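Raw contents of structure_29.tsv, TSV, N, CA and C atoms:
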chain	number	residue	atom	x	y	z
A	1	MET	N	157.91	73.11	32.59
A	1	MET	CA	156.91	74.14	32.56
A	1	MET	C	157.20	75.13	33.68
A	2	HIS	N	157.00	76.40	33.37
A	2	HIS	CA	157.14	77.46	34.37
A	2	HIS	C	155.96	78.40	34.20
A	3	GLN	N	155.17	78.59	35.26
A	3	GLN	CA	154.00	79.45	35.17
A	3	GLN	C	154.23	80.74	35.95
A	4	GLN	N	153.71	81.83	35.39
A	4	GLN	CA	153.78	83.13	36.05
A	4	GLN	C	152.73	84.04	35.45
A	5	ARG	N	152.47	85.16	36.10
A	5	ARG	CA	151.45	86.10	35.64
A	5	ARG	C	151.95	86.98	34.49
A	6	ALA	N	153.20	87.43	34.55
A	6	ALA	CA	153.74	88.33	33.52
A	6	ALA	C	153.99	87.57	32.22
A	7	ALA	N	153.64	88.19	31.12
A	7	ALA	CA	153.82	87.57	29.80
A	7	ALA	C	155.30	87.41	29.47
A	8	THR	N	155.63	86.25	28.90
A	8	THR	CA	156.99	85.95	28.45
A	8	THR	C	156.92	85.57	26.99
A	9	TRP	N	157.76	86.18	26.16
A	9	TRP	CA	157.79	85.77	24.76
A	9	TRP	C	159.20	85.63	24.22
A	10	SER	N	160.20	86.05	24.96
A	10	SER	CA	161.56	85.99	24.46
A	10	SER	C	162.35	84.90	25.20
A	11	LEU	N	162.66	83.81	24.50
A	11	LEU	CA	163.37	82.69	25.09
A	11	LEU	C	164.49	82.22	24.17
A	12	VAL	N	165.53	81.65	24.76
A	12	VAL	CA	166.57	80.96	24.00
A	12	VAL	C	167.00	79.74	24.81
A	13	ALA	N	167.18	78.61	24.13
A	13	ALA	CA	167.64	77.39	24.77
A	13	ALA	C	169.11	77.16	24.41
A	14	THR	N	169.87	76.64	25.36
A	14	THR	CA	171.28	76.36	25.11
A	14	THR	C	171.50	74.85	25.04
A	15	GLY	N	172.65	74.47	24.51
A	15	GLY	CA	173.01	73.06	24.44
A	15	GLY	C	173.31	72.47	25.80
A	16	GLY	N	173.48	73.32	26.81
A	16	GLY	CA	173.78	72.86	28.16
A	16	GLY	C	172.56	72.64	29.02
A	17	GLY	N	171.36	72.66	28.44
A	17	GLY	CA	170.15	72.39	29.20
A	17	GLY	C	169.54	73.58	29.90
A	18	LEU	N	169.93	74.78	29.52
A	18	LEU	CA	169.36	75.99	30.11
A	18	LEU	C	168.43	76.68	29.13
A	19	VAL	N	167.41	77.33	29.67
A	19	VAL	CA	166.54	78.20	28.89
A	19	VAL	C	166.59	79.57	29.54
A	20	PHE	N	166.93	80.59	28.75
A	20	PHE	CA	166.96	81.97	29.25
A	20	PHE	C	165.77	82.71	28.69
A	21	GLY	N	165.10	83.48	29.53
A	21	GLY	CA	163.95	84.23	29.06
A	21	GLY	C	163.62	85.40	29.95
A	22	GLY	N	162.95	86.37	29.34
A	22	GLY	CA	162.55	87.57	30.07
A	22	GLY	C	161.06	87.80	29.95
A	23	ASP	N	160.53	88.68	30.80
A	23	ASP	CA	159.10	88.96	30.77
A	23	ASP	C	158.83	90.46	30.80
A	24	VAL	N	157.57	90.81	30.67
A	24	VAL	CA	157.19	92.23	30.62
A	24	VAL	C	157.33	92.93	31.97
A	25	ALA	N	157.52	92.18	33.04
A	25	ALA	CA	157.75	92.78	34.35
A	25	ALA	C	159.22	93.15	34.55
A	26	GLY	N	160.08	92.80	33.59
A	26	GLY	CA	161.49	93.15	33.67
A	26	GLY	C	162.38	92.06	34.24
A	27	ARG	N	161.81	90.90	34.53
A	27	ARG	CA	162.61	89.81	35.10
A	27	ARG	C	163.27	89.00	33.98
A	28	PHE	N	164.53	88.63	34.18
A	28	PHE	CA	165.27	87.79	33.26
A	28	PHE	C	165.75	86.58	34.05
A	29	ARG	N	165.54	85.38	33.50
A	29	ARG	CA	165.79	84.16	34.25
A	29	ARG	C	166.56	83.12	33.45
A	30	ALA	N	167.22	82.25	34.20
A	30	ALA	CA	167.75	81.01	33.64
A	30	ALA	C	166.91	79.89	34.24
A	31	LEU	N	166.37	79.05	33.37
A	31	LEU	CA	165.52	77.94	33.79
A	31	LEU	C	166.16	76.62	33.39
A	32	ASP	N	165.90	75.59	34.17
A	32	ASP	CA	166.30	74.23	33.80
A	32	ASP	C	165.33	73.75	32.73
A	33	GLN	N	165.84	73.32	31.57
A	33	GLN	CA	164.95	72.95	30.47
A	33	GLN	C	164.10	71.72	30.78
A	34	ASP	N	164.54	70.85	31.67
A	34	ASP	CA	163.78	69.64	31.98
A	34	ASP	C	162.72	69.85	33.05
A	35	THR	N	163.04	70.65	34.06
A	35	THR	CA	162.11	70.81	35.19
A	35	THR	C	161.36	72.13	35.19
A	36	GLY	N	161.88	73.14	34.49
A	36	GLY	CA	161.27	74.48	34.53
A	36	GLY	C	161.64	75.25	35.78
A	37	ASP	N	162.51	74.68	36.63
A	37	ASP	CA	162.93	75.37	37.85
A	37	ASP	C	163.75	76.60	37.51
A	38	VAL	N	163.53	77.68	38.27
A	38	VAL	CA	164.31	78.90	38.11
A	38	VAL	C	165.66	78.68	38.79
A	39	LEU	N	166.74	78.79	38.01
A	39	LEU	CA	168.09	78.60	38.52
A	39	LEU	C	168.75	79.92	38.89
A	40	TRP	N	168.33	80.99	38.24
A	40	TRP	CA	168.90	82.32	38.45
A	40	TRP	C	167.89	83.34	37.96
A	41	GLU	N	167.80	84.49	38.64
A	41	GLU	CA	166.84	85.52	38.24
A	41	GLU	C	167.37	86.90	38.64
A	42	ILE	N	167.08	87.88	37.80
A	42	ILE	CA	167.41	89.27	38.09
A	42	ILE	C	166.28	90.15	37.54
A	43	ASN	N	165.98	91.23	38.25
A	43	ASN	CA	165.00	92.20	37.74
A	43	ASN	C	165.78	93.30	37.05
A	44	LEU	N	165.63	93.40	35.72
A	44	LEU	CA	166.35	94.38	34.93
A	44	LEU	C	165.68	95.74	34.90
A	45	GLY	N	164.44	95.82	35.38
A	45	GLY	CA	163.69	97.09	35.39
A	45	GLY	C	162.67	97.15	34.28
A	46	PRO	N	163.08	97.61	33.09
A	46	PRO	CA	162.14	97.69	31.96
A	46	PRO	C	161.76	96.31	31.45
A	47	ALA	N	160.68	96.25	30.69
A	47	ALA	CA	160.24	94.99	30.09
A	47	ALA	C	161.34	94.40	29.23
A	48	VAL	N	161.52	93.07	29.32
A	48	VAL	CA	162.48	92.38	28.46
A	48	VAL	C	161.78	92.18	27.12
A	49	THR	N	162.22	92.93	26.11
A	49	THR	CA	161.53	92.93	24.82
A	49	THR	C	162.35	92.30	23.70
A	50	GLY	N	163.64	92.12	23.92
A	50	GLY	CA	164.48	91.51	22.89
A	50	GLY	C	164.63	90.02	23.14
A	51	TYR	N	164.93	89.30	22.07
A	51	TYR	CA	165.19	87.87	22.22
A	51	TYR	C	166.62	87.67	22.69
A	52	PRO	N	166.83	86.89	23.74
A	52	PRO	CA	168.19	86.67	24.23
A	52	PRO	C	169.02	85.93	23.19
A	53	ILE	N	170.33	86.17	23.23
A	53	ILE	CA	171.26	85.41	22.41
A	53	ILE	C	172.34	84.85	23.32
A	54	SER	N	172.91	83.74	22.93
A	54	SER	CA	174.03	83.14	23.65
A	54	SER	C	175.19	83.05	22.67
A	55	TYR	N	176.38	83.42	23.14
A	55	TYR	CA	177.56	83.39	22.27
A	55	TYR	C	178.81	83.16	23.10
A	56	GLY	N	179.86	82.72	22.45
A	56	GLY	CA	181.14	82.51	23.11
A	56	GLY	C	182.17	83.49	22.60
A	57	ALA	N	183.07	83.93	23.49
A	57	ALA	CA	184.17	84.82	23.13
A	57	ALA	C	185.28	84.64	24.15
A	58	GLY	N	186.49	84.47	23.67
A	58	GLY	CA	187.63	84.35	24.57
A	58	GLY	C	187.53	83.19	25.54
A	59	GLY	N	186.87	82.11	25.12
A	59	GLY	CA	186.73	80.95	25.99
A	59	GLY	C	185.62	81.04	27.02
A	60	ARG	N	184.83	82.11	27.00
A	60	ARG	CA	183.71	82.28	27.93
A	60	ARG	C	182.39	82.24	27.17
A	61	GLN	N	181.34	81.87	27.85
A	61	GLN	CA	180.00	81.86	27.28
A	61	GLN	C	179.22	83.04	27.86
A	62	TYR	N	178.47	83.74	27.00
A	62	TYR	CA	177.71	84.92	27.40
A	62	TYR	C	176.26	84.80	26.95
A	63	VAL	N	175.39	85.53	27.66
A	63	VAL	CA	174.00	85.69	27.26
A	63	VAL	C	173.71	87.18	27.26
A	64	ALA	N	173.12	87.67	26.17
A	64	ALA	CA	172.78	89.08	26.05
A	64	ALA	C	171.29	89.23	25.77
A	65	VAL	N	170.68	90.29	26.30
A	65	VAL	CA	169.26	90.55	26.08
A	65	VAL	C	169.01	92.05	26.19
A	66	SER	N	168.01	92.53	25.46
A	66	SER	CA	167.68	93.96	25.52
A	66	SER	C	166.34	94.18	26.21
A	67	THR	N	166.20	95.37	26.78
A	67	THR	CA	164.95	95.76	27.44
A	67	THR	C	164.48	97.07	26.83
A	68	GLY	N	163.21	97.38	27.05
A	68	GLY	CA	162.71	98.69	26.63
A	68	GLY	C	161.35	98.64	25.99
A	69	SER	N	161.04	99.72	25.30
A	69	SER	CA	159.73	99.90	24.69
A	69	SER	C	159.55	98.99	23.48
A	70	ALA	N	158.39	98.40	23.38
A	70	ALA	CA	158.02	97.59	22.23
A	70	ALA	C	156.50	97.48	22.20
A	71	ALA	N	155.94	97.42	21.01
A	71	ALA	CA	154.48	97.36	20.87
A	71	ALA	C	153.90	96.15	21.59
A	72	GLN	N	154.55	94.99	21.46
A	72	GLN	CA	154.00	93.79	22.09
A	72	GLN	C	154.03	93.88	23.61
A	73	ALA	N	155.02	94.59	24.18
A	73	ALA	CA	155.05	94.77	25.63
A	73	ALA	C	153.86	95.59	26.09
A	74	SER	N	153.53	96.65	25.37
A	74	SER	CA	152.38	97.49	25.72
A	74	SER	C	151.09	96.70	25.69
A	75	ALA	N	150.94	95.85	24.68
A	75	ALA	CA	149.74	95.03	24.57
A	75	ALA	C	149.63	94.03	25.73
A	76	GLN	N	150.75	93.41	26.09
A	76	GLN	CA	150.75	92.45	27.20
A	76	GLN	C	150.48	93.14	28.53
A	77	LEU	N	151.03	94.33	28.71
A	77	LEU	CA	150.81	95.05	29.97
A	77	LEU	C	149.37	95.51	30.12
A	78	ALA	N	148.66	95.68	29.02
A	78	ALA	CA	147.26	96.09	29.09
A	78	ALA	C	146.40	95.03	29.77
A	79	ILE	N	146.81	93.75	29.68
A	79	ILE	CA	146.00	92.69	30.31
A	79	ILE	C	146.48	92.35	31.72
A	80	THR	N	147.59	92.97	32.14
A	80	THR	CA	148.09	92.79	33.51
A	80	THR	C	148.38	94.17	34.11
A	81	PRO	N	147.33	94.91	34.44
A	81	PRO	CA	147.52	96.30	34.89
A	81	PRO	C	148.32	96.43	36.19
A	82	GLU	N	148.44	95.36	36.96
A	82	GLU	CA	149.21	95.44	38.21
A	82	GLU	C	150.72	95.42	37.96
A	83	ILE	N	151.15	95.06	36.75
A	83	ILE	CA	152.57	95.01	36.42
A	83	ILE	C	152.97	96.33	35.78
A	84	ARG	N	153.90	97.03	36.39
A	84	ARG	CA	154.34	98.32	35.89
A	84	ARG	C	155.87	98.39	35.90
A	85	PRO	N	156.52	97.90	34.83
A	85	PRO	CA	157.99	97.98	34.78
A	85	PRO	C	158.44	99.41	34.54
A	86	SER	N	159.70	99.67	34.81
A	86	SER	CA	160.25	101.00	34.53
A	86	SER	C	160.47	101.16	33.03
A	87	ALA	N	160.85	102.35	32.60
A	87	ALA	CA	161.08	102.63	31.19
A	87	ALA	C	162.58	102.71	30.93
A	88	GLY	N	162.96	102.54	29.68
A	88	GLY	CA	164.36	102.67	29.30
A	88	GLY	C	164.78	101.53	28.40
A	89	ASN	N	165.66	101.83	27.46
A	89	ASN	CA	166.18	100.83	26.54
A	89	ASN	C	167.63	100.54	26.91
A	90	THR	N	167.92	99.27	27.19
A	90	THR	CA	169.25	98.90	27.63
A	90	THR	C	169.61	97.52	27.08
A	91	LEU	N	170.88	97.30	26.82
A	91	LEU	CA	171.39	95.98	26.45
A	91	LEU	C	172.17	95.44	27.64
A	92	PHE	N	171.79	94.27	28.11
A	92	PHE	CA	172.46	93.62	29.23
A	92	PHE	C	173.23	92.41	28.71
A	93	VAL	N	174.45	92.22	29.20
A	93	VAL	CA	175.26	91.05	28.84
A	93	VAL	C	175.73	90.40	30.13
A	94	PHE	N	175.53	89.08	30.22
A	94	PHE	CA	175.93	88.31	31.39
A	94	PHE	C	176.89	87.22	30.97
A	95	SER	N	177.94	86.98	31.77
A	95	SER	CA	178.83	85.85	31.50
A	95	SER	C	178.37	84.68	32.35
A	96	LEU	N	178.41	83.50	31.76
A	96	LEU	CA	178.02	82.29	32.48
A	96	LEU	C	179.22	81.80	33.29
A	97	PRO	N	178.96	81.13	34.41
A	97	PRO	CA	180.07	80.61	35.22
A	97	PRO	C	180.90	79.61	34.41
A	98	GLU	N	182.18	79.57	34.72
A	98	GLU	CA	183.05	78.63	34.02
A	98	GLU	C	182.84	77.23	34.51
Please express what this file holds, its structure, as structure tokens.
Amino acid sequence: MHQQRAATWSLVATGGGLVFGGDVAGRFRALDQDTGDVLWEINLGPAVTGYPISYGAGGRQYVAVSTGSAAQASAQLAITPEIRPSAGNTLFVFSLPE
């Protein structure tokens, strides 16, 4: 379990015991699926509105996620007025350590 104030709705679990997810505050995290501990975190700026995907290419593992405007983000931000992410639509891709 991982608790926070910002709404989270986009998650993906991997076979390696990681859960990747983003929130309306723009934070994207890797969590331990058993403990809920945050293993890695970055603030991407805009709300994380896309569902992350994990894929392999050239022997490497990647995680990709999109940020930006979405109706559900606006609704979630209405109940947390103190959270004000930046605007912009972007696709982020991260490679996992070997």
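Proximity ranking of A:Gly88, A:Pro97, A:Gly45, A:Gly36 relative to Gln61 of chain A places A:Pro97 first, based on all atoms listed in the file.
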Q: Excluding Gly26 of chain A and any residue of its chain fewer than 3 positions from it, enumerate the residues within 6 Å of it, using only C-alpha atoms, and give them as JSON, numbers by chain.
A: {"A": [23, 43, 44, 45, 46, 47, 48]}
Suppose we keep N, CA and C atoms; can you now write the selection as a PDB file, in the coordinates of the input?
ATOM      1  N   ASP A  23     160.530  88.680  30.800  1.00  0.00           N
ATOM      2  CA  ASP A  23     159.100  88.960  30.770  1.00  0.00           C
ATOM      3  C   ASP A  23     158.830  90.460  30.800  1.00  0.00           C
ATOM      4  N   ASN A  43     165.980  91.230  38.250  1.00  0.00           N
ATOM      5  CA  ASN A  43     165.000  92.200  37.740  1.00  0.00           C
ATOM      6  C   ASN A  43     165.780  93.300  37.050  1.00  0.00           C
ATOM      7  N   LEU A  44     165.630  93.400  35.720  1.00  0.00           N
ATOM      8  CA  LEU A  44     166.350  94.380  34.930  1.00  0.00           C
ATOM      9  C   LEU A  44     165.680  95.740  34.900  1.00  0.00           C
ATOM     10  N   GLY A  45     164.440  95.820  35.380  1.00  0.00           N
ATOM     11  CA  GLY A  45     163.690  97.090  35.390  1.00  0.00           C
ATOM     12  C   GLY A  45     162.670  97.150  34.280  1.00  0.00           C
ATOM     13  N   PRO A  46     163.080  97.610  33.090  1.00  0.00           N
ATOM     14  CA  PRO A  46     162.140  97.690  31.960  1.00  0.00           C
ATOM     15  C   PRO A  46     161.760  96.310  31.450  1.00  0.00           C
ATOM     16  N   ALA A  47     160.680  96.250  30.690  1.00  0.00           N
ATOM     17  CA  ALA A  47     160.240  94.990  30.090  1.00  0.00           C
ATOM     18  C   ALA A  47     161.340  94.400  29.230  1.00  0.00           C
ATOM     19  N   VAL A  48     161.520  93.070  29.320  1.00  0.00           N
ATOM     20  CA  VAL A  48     162.480  92.380  28.460  1.00  0.00           C
ATOM     21  C   VAL A  48     161.780  92.180  27.120  1.00  0.00           C
TER      22      VAL A  48
END
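Distance annotation: of A:Ile53, A:Ala25, A:Leu18, A:Ala64, the residue with the minimal separation from Leu91 of chain A is A:Ala64; atom set is only N, CA and C atoms.
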Q | Option closest in space to Ser10 of chain A, from A:Val24, A:Ala57, A:Leu39, A:Leu96 [counting all atoms listed in the file] | A | A:Val24
Determine, counting only C-alpha atoms, which protein, DNA and RNA residues have an atom within 7 Å of an atom of Val63 of chain A; residues of the same chain fewer than 3 positions away are not included. Present the result as an mmCIF file with N, CA and C atoms, keeping the file's coordinate frame.
data_model
loop_
_atom_site.group_PDB
_atom_site.id
_atom_site.type_symbol
_atom_site.label_atom_id
_atom_site.label_comp_id
_atom_site.auth_asym_id
_atom_site.auth_seq_id
_atom_site.Cartn_x
_atom_site.Cartn_y
_atom_site.Cartn_z
ATOM 1 N N PRO A 52 166.830 86.890 23.740
ATOM 2 C CA PRO A 52 168.190 86.670 24.230
ATOM 3 C C PRO A 52 169.020 85.930 23.190
ATOM 4 N N ILE A 53 170.330 86.170 23.230
ATOM 5 C CA ILE A 53 171.260 85.410 22.410
ATOM 6 C C ILE A 53 172.340 84.850 23.320
ATOM 7 N N SER A 54 172.910 83.740 22.930
ATOM 8 C CA SER A 54 174.030 83.140 23.650
ATOM 9 C C SER A 54 175.190 83.050 22.670
ATOM 10 N N TYR A 55 176.380 83.420 23.140
ATOM 11 C CA TYR A 55 177.560 83.390 22.270
ATOM 12 C C TYR A 55 178.810 83.160 23.100
ATOM 13 N N VAL A 93 174.450 92.220 29.200
ATOM 14 C CA VAL A 93 175.260 91.050 28.840
ATOM 15 C C VAL A 93 175.730 90.400 30.130
ATOM 16 N N PHE A 94 175.530 89.080 30.220
ATOM 17 C CA PHE A 94 175.930 88.310 31.390
ATOM 18 C C PHE A 94 176.890 87.220 30.970
ATOM 19 N N SER A 95 177.940 86.980 31.770
ATOM 20 C CA SER A 95 178.830 85.850 31.500
ATOM 21 C C SER A 95 178.370 84.680 32.350
#
(Q) Quick one: residues within 6 Å of Arg29 of chain A, all atoms listed in the file, excluding same-chain residues fewer than 5 positions away - as a VMD selection string? (A) chain A and resid 19 to 22 40 to 42
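Between atom CA of Val38 of chain A and atom CA of Gly16 of chain A the separation is 15.0 Å.
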